[in-house]
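Taking it in order: structure first as structure tokens, then the write-up.
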There are 2 protein chains.
Amino acid sequence: MTAVLVIEDDDRIRLALLLALEEEGYDALGAATAEEGLRAQRHHPADYVLVDLMLPGLDGFECIRQLRRDDDVPIVVVSARDGTDDIVAALEAGADDYVVKPVAIRELTARLRALRRRARPASAPEPVPAVAFGELEISPEAGEVRRAGQQVTVTRTEFRLLCELAEHAGRVLSRQQLLQRVWGYDSGDERLVDVHVGRLRQKIEPDPANPRHLVTLRGLGYKLQR
Amino acid sequence: MTAVLVIEDDDRIRLALLLALEEEGYDALGAATAEEGLRAQRHHPADYVLVDLMLPGLDGFECIRQLRRDDDVPIVVVSARDGTDDIVAALEAGADDYVVKPVAIRELTARLRALRRRARPASAPEPVPAVAFGELEISPEAGEVRRAGQQVTVTRTEFRLLCELAEHAGRVLSRQQLLQRVWGYDSGDERLVDVHVGRLRQKIEPDPANPRHLVTLRGLGYKLQR
DNA sequence: AGGCTCTGTGACAGTTGTGTGACAAAACCG
DNA sequence: CGGTTTTGTCACACAACTGTCACAGAGCCT
């Protein structure tokens with residue numbers, strides 16, 4: 001069953017949406033605040049997220065950015081505000097669509113279906129299913145990394161960095177590219193990448209001072225090789 | 001450059017959209033009828049298609065269906081009609097988004113950018129097959145150079161120099177040209193080139209004193225030959 | 001052969017790029 | 001709320017790279 005998370009502080013609107021979505025055959029779950037919604041999505045990932053912009057505490061834009069940080073879920077903003085600035089800001093923050101309240105439930109579900117076509121097909125996951133680099137095993141599915149059969153714990157950032165490098169195994173990725181792909185930064189301190197590469201090496205390289213897989217290409221960036 | 005095809009029969013609206021899109025840095029192309037638009041997309045595929053619903057001859061819905069038959073391009077409907085039925089029908093036909101005229105150009109481009117994130121990587125990462133010169137292999141992707149299968153580490157400057165020479169394989173490049181192309185200097189000490197050529201030879205020539213690939217043409221410059 | 005220019009190369013100092021430990025802020029987790 | 005983990009920033013040390021120079025040969029011309 002397709003699950004939808006609705007983040008909306010107005011109880012009446014939230015309940016109305018939840019009811020209507022269930023009517024349409026969705027498995028709908030509600031959250032009254034951004035914080036609650038983020039926690040719910042982390043522990044129980046839904047297939048779509050609907051989010052209001054005006055939320056108490058963390059606002060909708062920030063909520064979208066945080067969702068996007070480690071989730072590729074389609075996000076639709078459902079807001080009463082119809083100004084161009086809000087629309088542009090929400091889309092820039094990472095939303096996929098923006099509809100203005102009140103919205104016909106048929107239009108909403110049609111938009112969800114349109115988004116599903118573009119969402120990463122679950123059957124062909126973009127991240128590599130499971131890669132082995134000599135003694136190194138990465139399984140994005142399970143979210144774990146093993147070296148010589150021994151499981152090593154890496155943090156979320158380290159894991160994403162490793163996946164990004166693994167996906168382009170054998171090719172150089174510049175610090176810029178990594179900042180963009182792993183952190184979503186369009187600009188920022190490139191040294192950040194160095195630090196995390198260093199930490200990753202401590203965990204996955206037998207001899208971190210002489211990396212065999214996660215190698216530096218001076219002036220170019222980093223690459224992962226077999 | 002990102003190309004957008006605008007299918008819209010009203011000349012004034014079409015021209016306004018084309019102008020605005022070009023203003024935003026897109027490469028915009030117009031079509032006044034569905035047939036014209038389909039033909040244009042077949043012969044000159046754009047990265048996005050904007051389409052009106054009310055078109056003479058083939059209507060917008062049919063136009064979308066035909067586009068979708070053999071093209072995965074993101075389609076945005078730009079229509080004056082704002083009824084739920086039209087929106088649902090257009091999305092069901094295969095459109096990715098639906099905006100109601102008049103639309104702010106900033107909103108439109110923000111929606112295009114949001115769609116781009118979801119678009120299938122139409123342009124697969126360019127393969128750039130490693131160039132081979134006899135026993136010499138240059139692979140810009142991996143940022144590495146191999147001689148007889150053995151990897152040799154070259155510095156960034158050396159790498160660029162090698163690439164420049166490889167790109168014009170068999171032809172002489174003067175020191176002036178190399179300074180210009182590799183260093184970006186319009187004037188400078190030509191001896192600089194000598195030094196780097198020398199260093200490169202140490203790394204890629206079996207016998208650096210008798211270069212076989214990176215040869216000197218006295219009074220002219222250097223060239224790379226097979 | 002002699003005198004000239006052109007090229008190869010080792011040494012060196014200045015610059016840039018990278019690795020890493022320390023630390024504070026932020027996020028997370030009961 | 002408080003302790004723990006993770007993240008990002010900074011500074012320093014060190015290694016690699018770059019460009020300049022001087023000098024020694026090699027090539028070319030008469």
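As shown in the structure tokens, the chain order sets the letters A, B, ...; within each chain, residues go from 1, and ligands are also counted from 1 in the order they appear.
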Shell around segment 6-9 of chain D at 8 Å using only C-alpha atoms (C1' of nucleotides), local window under 4 positions removed, as an mmCIF file with C-alpha atoms (C1' of nucleotides), in the first residue's frame:
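Generated file (part_31.cif):
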data_model
loop_
_atom_site.group_PDB
_atom_site.id
_atom_site.type_symbol
_atom_site.label_atom_id
_atom_site.label_comp_id
_atom_site.auth_asym_id
_atom_site.auth_seq_id
_atom_site.Cartn_x
_atom_site.Cartn_y
_atom_site.Cartn_z
ATOM 1 C CA THR A 155 27.934 7.589 10.030
ATOM 2 C CA LEU A 192 34.907 19.619 4.631
ATOM 3 C "C1'" DA C 26 24.391 20.725 16.351
ATOM 4 C "C1'" DA C 27 21.774 16.626 16.103
#
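The part of chain C that reaches within 10 Å of chain B is made up of C:DT5, C:DC6, C:DT7, C:DG8, C:DT9, counting only C-alpha atoms (C1' of nucleotides).
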Please identify all residues of chain A having at least one atom at most 8 Å from any atom of chain B, considering only C-alpha atoms, and return them as a ChimeraX atom specification.
/A:84,87-88,91-92,94-97,104,106-107,110-111,114-115,118-120,170-172,217-220,223
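For the pair atom C1' of DC29 of chain D and atom C1' of DC4 of chain C, the separation is 8.2 Å.
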Can you tell me how far atom C1' of DA11 of chain C sits from atom CA of Lys203 of chain B, in Å to one decimal?
19.4 Å
Which of segment 4-178 of chain B DSSP labels helix (DSSP H, G or I), written as an mmCIF file with N, CA and C atoms, in the first residue's frame:
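Full text of out.cif as output:
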data_model
loop_
_atom_site.group_PDB
_atom_site.id
_atom_site.type_symbol
_atom_site.label_atom_id
_atom_site.label_comp_id
_atom_site.auth_asym_id
_atom_site.auth_seq_id
_atom_site.Cartn_x
_atom_site.Cartn_y
_atom_site.Cartn_z
ATOM 1 N N ASP B 11 0.037 33.565 -30.700
ATOM 2 C CA ASP B 11 1.350 34.124 -31.032
ATOM 3 C C ASP B 11 1.916 34.995 -29.917
ATOM 4 N N ARG B 12 1.049 35.833 -29.348
ATOM 5 C CA ARG B 12 1.548 36.773 -28.342
ATOM 6 C C ARG B 12 2.051 36.049 -27.101
ATOM 7 N N ILE B 13 1.269 35.080 -26.645
ATOM 8 C CA ILE B 13 1.685 34.345 -25.452
ATOM 9 C C ILE B 13 2.945 33.534 -25.748
ATOM 10 N N ARG B 14 2.966 32.884 -26.919
ATOM 11 C CA ARG B 14 4.121 32.066 -27.259
ATOM 12 C C ARG B 14 5.397 32.904 -27.292
ATOM 13 N N LEU B 15 5.302 34.052 -27.960
ATOM 14 C CA LEU B 15 6.482 34.906 -28.059
ATOM 15 C C LEU B 15 6.909 35.423 -26.699
ATOM 16 N N ALA B 16 5.917 35.760 -25.879
ATOM 17 C CA ALA B 16 6.254 36.257 -24.540
ATOM 18 C C ALA B 16 6.984 35.180 -23.754
ATOM 19 N N LEU B 17 6.496 33.936 -23.831
ATOM 20 C CA LEU B 17 7.144 32.840 -23.120
ATOM 21 C C LEU B 17 8.551 32.605 -23.644
ATOM 22 N N LEU B 18 8.684 32.598 -24.973
ATOM 23 C CA LEU B 18 9.995 32.360 -25.581
ATOM 24 C C LEU B 18 10.996 33.415 -25.119
ATOM 25 N N LEU B 19 10.551 34.664 -25.159
ATOM 26 C CA LEU B 19 11.437 35.748 -24.753
ATOM 27 C C LEU B 19 11.848 35.608 -23.296
ATOM 28 N N ALA B 20 10.847 35.346 -22.456
ATOM 29 C CA ALA B 20 11.127 35.241 -21.028
ATOM 30 C C ALA B 20 12.071 34.077 -20.744
ATOM 31 N N LEU B 21 11.873 32.969 -21.416
ATOM 32 C CA LEU B 21 12.726 31.804 -21.195
ATOM 33 C C LEU B 21 14.157 32.083 -21.636
ATOM 34 N N GLU B 22 14.265 32.774 -22.778
ATOM 35 C CA GLU B 22 15.611 33.098 -23.251
ATOM 36 C C GLU B 22 16.307 34.048 -22.291
ATOM 37 N N GLU B 23 15.516 34.946 -21.744
ATOM 38 C CA GLU B 23 16.019 35.876 -20.735
ATOM 39 C C GLU B 23 16.625 35.099 -19.563
ATOM 40 N N ALA B 34 0.107 21.471 -32.443
ATOM 41 C CA ALA B 34 0.582 20.219 -31.882
ATOM 42 C C ALA B 34 1.434 19.460 -32.904
ATOM 43 N N GLU B 35 0.936 19.441 -34.142
ATOM 44 C CA GLU B 35 1.665 18.707 -35.188
ATOM 45 C C GLU B 35 3.078 19.267 -35.338
ATOM 46 N N GLU B 36 3.149 20.595 -35.408
ATOM 47 C CA GLU B 36 4.454 21.248 -35.563
ATOM 48 C C GLU B 36 5.351 20.919 -34.368
ATOM 49 N N GLY B 37 4.761 20.956 -33.181
ATOM 50 C CA GLY B 37 5.526 20.671 -31.968
ATOM 51 C C GLY B 37 6.045 19.246 -31.943
ATOM 52 N N LEU B 38 5.195 18.305 -32.324
ATOM 53 C CA LEU B 38 5.605 16.896 -32.323
ATOM 54 C C LEU B 38 6.757 16.681 -33.294
ATOM 55 N N ARG B 39 6.622 17.316 -34.457
ATOM 56 C CA ARG B 39 7.674 17.173 -35.465
ATOM 57 C C ARG B 39 8.984 17.754 -34.940
ATOM 58 N N ALA B 40 8.889 18.940 -34.343
ATOM 59 C CA ALA B 40 10.092 19.594 -33.807
ATOM 60 C C ALA B 40 10.756 18.707 -32.755
ATOM 61 N N GLN B 41 9.946 18.145 -31.869
ATOM 62 C CA GLN B 41 10.505 17.339 -30.793
ATOM 63 C C GLN B 41 11.144 16.063 -31.329
ATOM 64 N N ARG B 42 10.557 15.541 -32.412
ATOM 65 C CA ARG B 42 11.124 14.318 -32.979
ATOM 66 C C ARG B 42 12.496 14.579 -33.598
ATOM 67 N N HIS B 43 12.589 15.718 -34.288
ATOM 68 C CA HIS B 43 13.833 15.991 -34.996
ATOM 69 C C HIS B 43 14.874 16.692 -34.148
ATOM 70 N N GLY B 60 -4.351 19.540 -26.903
ATOM 71 C CA GLY B 60 -3.227 19.384 -25.989
ATOM 72 C C GLY B 60 -3.121 17.996 -25.384
ATOM 73 N N PHE B 61 -4.252 17.406 -24.994
ATOM 74 C CA PHE B 61 -4.221 16.079 -24.369
ATOM 75 C C PHE B 61 -3.625 15.050 -25.335
ATOM 76 N N GLU B 62 -4.103 15.103 -26.577
ATOM 77 C CA GLU B 62 -3.627 14.153 -27.571
ATOM 78 C C GLU B 62 -2.153 14.407 -27.868
ATOM 79 N N CYS B 63 -1.797 15.672 -27.880
ATOM 80 C CA CYS B 63 -0.407 16.047 -28.114
ATOM 81 C C CYS B 63 0.490 15.440 -27.031
ATOM 82 N N ILE B 64 0.051 15.522 -25.775
ATOM 83 C CA ILE B 64 0.824 14.965 -24.675
ATOM 84 C C ILE B 64 0.964 13.454 -24.830
ATOM 85 N N ARG B 65 -0.158 12.792 -25.143
ATOM 86 C CA ARG B 65 -0.112 11.325 -25.302
ATOM 87 C C ARG B 65 0.875 10.923 -26.395
ATOM 88 N N GLN B 66 0.838 11.671 -27.497
ATOM 89 C CA GLN B 66 1.736 11.306 -28.596
ATOM 90 C C GLN B 66 3.202 11.585 -28.241
ATOM 91 N N LEU B 67 3.415 12.671 -27.531
ATOM 92 C CA LEU B 67 4.788 12.972 -27.086
ATOM 93 C C LEU B 67 5.286 11.836 -26.200
ATOM 94 N N ARG B 68 4.423 11.432 -25.276
ATOM 95 C CA ARG B 68 4.795 10.418 -24.294
ATOM 96 C C ARG B 68 5.069 9.046 -24.921
ATOM 97 N N ARG B 69 4.447 8.812 -26.114
ATOM 98 C CA ARG B 69 4.599 7.499 -26.724
ATOM 99 C C ARG B 69 6.062 7.100 -26.889
ATOM 100 N N THR B 84 -10.591 21.213 -12.330
ATOM 101 C CA THR B 84 -9.982 19.971 -11.865
ATOM 102 C C THR B 84 -9.965 18.908 -12.966
ATOM 103 N N ASP B 85 -11.047 18.846 -13.726
ATOM 104 C CA ASP B 85 -11.115 17.834 -14.779
ATOM 105 C C ASP B 85 -9.974 17.963 -15.780
ATOM 106 N N ASP B 86 -9.721 19.197 -16.187
ATOM 107 C CA ASP B 86 -8.634 19.413 -17.143
ATOM 108 C C ASP B 86 -7.291 19.026 -16.539
ATOM 109 N N ILE B 87 -7.077 19.436 -15.288
ATOM 110 C CA ILE B 87 -5.804 19.153 -14.636
ATOM 111 C C ILE B 87 -5.591 17.642 -14.526
ATOM 112 N N VAL B 88 -6.608 16.947 -14.030
ATOM 113 C CA VAL B 88 -6.497 15.501 -13.869
ATOM 114 C C VAL B 88 -6.271 14.824 -15.222
ATOM 115 N N ALA B 89 -7.043 15.255 -16.226
ATOM 116 C CA ALA B 89 -6.931 14.622 -17.539
ATOM 117 C C ALA B 89 -5.532 14.836 -18.129
ATOM 118 N N ALA B 90 -4.994 16.047 -17.957
ATOM 119 C CA ALA B 90 -3.678 16.337 -18.521
ATOM 120 C C ALA B 90 -2.602 15.508 -17.822
ATOM 121 N N LEU B 91 -2.696 15.427 -16.510
ATOM 122 C CA LEU B 91 -1.701 14.649 -15.764
ATOM 123 C C LEU B 91 -1.816 13.169 -16.112
ATOM 124 N N GLU B 92 -3.050 12.702 -16.252
ATOM 125 C CA GLU B 92 -3.245 11.296 -16.610
ATOM 126 C C GLU B 92 -2.703 11.008 -18.004
ATOM 127 N N ALA B 93 -2.802 12.016 -18.877
ATOM 128 C CA ALA B 93 -2.323 11.827 -20.248
ATOM 129 C C ALA B 93 -0.803 11.697 -20.282
ATOM 130 N N ILE B 105 7.033 33.924 -14.711
ATOM 131 C CA ILE B 105 8.132 33.190 -15.342
ATOM 132 C C ILE B 105 9.030 32.556 -14.290
ATOM 133 N N ARG B 106 9.148 33.216 -13.140
ATOM 134 C CA ARG B 106 10.004 32.657 -12.088
ATOM 135 C C ARG B 106 9.431 31.360 -11.553
ATOM 136 N N GLU B 107 8.092 31.310 -11.437
ATOM 137 C CA GLU B 107 7.478 30.072 -10.970
ATOM 138 C C GLU B 107 7.698 28.972 -12.003
ATOM 139 N N LEU B 108 7.527 29.330 -13.252
ATOM 140 C CA LEU B 108 7.679 28.342 -14.313
ATOM 141 C C LEU B 108 9.086 27.755 -14.316
ATOM 142 N N THR B 109 10.092 28.615 -14.248
ATOM 143 C CA THR B 109 11.452 28.089 -14.288
ATOM 144 C C THR B 109 11.764 27.306 -13.023
ATOM 145 N N ALA B 110 11.188 27.723 -11.890
ATOM 146 C CA ALA B 110 11.410 26.964 -10.650
ATOM 147 C C ALA B 110 10.817 25.566 -10.804
ATOM 148 N N ARG B 111 9.659 25.482 -11.448
ATOM 149 C CA ARG B 111 9.046 24.169 -11.661
ATOM 150 C C ARG B 111 9.870 23.323 -12.632
ATOM 151 N N LEU B 112 10.435 23.973 -13.622
ATOM 152 C CA LEU B 112 11.294 23.237 -14.561
ATOM 153 C C LEU B 112 12.505 22.679 -13.824
ATOM 154 N N ARG B 113 13.087 23.490 -12.946
ATOM 155 C CA ARG B 113 14.250 23.005 -12.200
ATOM 156 C C ARG B 113 13.870 21.851 -11.286
ATOM 157 N N ALA B 114 12.658 21.950 -10.678
ATOM 158 C CA ALA B 114 12.211 20.862 -9.804
ATOM 159 C C ALA B 114 12.052 19.583 -10.608
ATOM 160 N N LEU B 115 11.565 19.723 -11.838
ATOM 161 C CA LEU B 115 11.391 18.541 -12.688
ATOM 162 C C LEU B 115 12.729 17.954 -13.103
ATOM 163 N N ARG B 116 13.685 18.830 -13.304
ATOM 164 C CA ARG B 116 14.986 18.340 -13.748
ATOM 165 C C ARG B 116 15.576 17.366 -12.737
ATOM 166 N N ARG B 117 15.354 17.652 -11.458
ATOM 167 C CA ARG B 117 15.878 16.754 -10.429
ATOM 168 C C ARG B 117 15.321 15.354 -10.584
ATOM 169 N N ARG B 118 14.082 15.288 -11.093
ATOM 170 C CA ARG B 118 13.425 13.986 -11.206
ATOM 171 C C ARG B 118 13.643 13.323 -12.554
ATOM 172 N N ARG B 156 48.839 17.698 -12.095
ATOM 173 C CA ARG B 156 47.758 18.298 -12.860
ATOM 174 C C ARG B 156 48.271 19.003 -14.110
ATOM 175 N N THR B 157 49.347 19.767 -13.937
ATOM 176 C CA THR B 157 49.909 20.481 -15.076
ATOM 177 C C THR B 157 50.389 19.501 -16.139
ATOM 178 N N GLU B 158 51.081 18.479 -15.690
ATOM 179 C CA GLU B 158 51.559 17.473 -16.641
ATOM 180 C C GLU B 158 50.394 16.811 -17.356
ATOM 181 N N PHE B 159 49.341 16.561 -16.597
ATOM 182 C CA PHE B 159 48.179 15.907 -17.182
ATOM 183 C C PHE B 159 47.547 16.786 -18.254
ATOM 184 N N ARG B 160 47.406 18.050 -17.927
ATOM 185 C CA ARG B 160 46.800 18.961 -18.913
ATOM 186 C C ARG B 160 47.669 19.098 -20.148
ATOM 187 N N LEU B 161 48.971 19.149 -19.910
ATOM 188 C CA LEU B 161 49.907 19.246 -21.021
ATOM 189 C C LEU B 161 49.772 18.031 -21.926
ATOM 190 N N LEU B 162 49.708 16.874 -21.308
ATOM 191 C CA LEU B 162 49.584 15.634 -22.057
ATOM 192 C C LEU B 162 48.279 15.598 -22.835
ATOM 193 N N CYS B 163 47.212 16.002 -22.198
ATOM 194 C CA CYS B 163 45.908 16.019 -22.856
ATOM 195 C C CYS B 163 45.926 16.950 -24.066
ATOM 196 N N GLU B 164 46.540 18.109 -23.877
ATOM 197 C CA GLU B 164 46.601 19.080 -24.960
ATOM 198 C C GLU B 164 47.350 18.509 -26.151
ATOM 199 N N LEU B 165 48.451 17.844 -25.848
ATOM 200 C CA LEU B 165 49.243 17.251 -26.921
ATOM 201 C C LEU B 165 48.489 16.097 -27.564
ATOM 202 N N ALA B 166 47.788 15.324 -26.727
ATOM 203 C CA ALA B 166 47.059 14.168 -27.248
ATOM 204 C C ALA B 166 45.923 14.615 -28.146
ATOM 205 N N GLU B 167 45.336 15.745 -27.770
ATOM 206 C CA GLU B 167 44.194 16.232 -28.543
ATOM 207 C C GLU B 167 44.617 16.614 -29.961
ATOM 208 N N ARG B 175 55.662 26.264 -28.299
ATOM 209 C CA ARG B 175 55.679 26.582 -26.871
ATOM 210 C C ARG B 175 54.655 27.665 -26.560
ATOM 211 N N GLN B 176 54.549 28.634 -27.479
ATOM 212 C CA GLN B 176 53.556 29.692 -27.314
ATOM 213 C C GLN B 176 52.148 29.107 -27.185
ATOM 214 N N GLN B 177 51.831 28.208 -28.104
ATOM 215 C CA GLN B 177 50.495 27.604 -28.091
ATOM 216 C C GLN B 177 50.243 26.834 -26.820
ATOM 217 N N LEU B 178 51.265 26.112 -26.381
ATOM 218 C CA LEU B 178 51.099 25.321 -25.160
ATOM 219 C C LEU B 178 50.942 26.222 -23.939
#
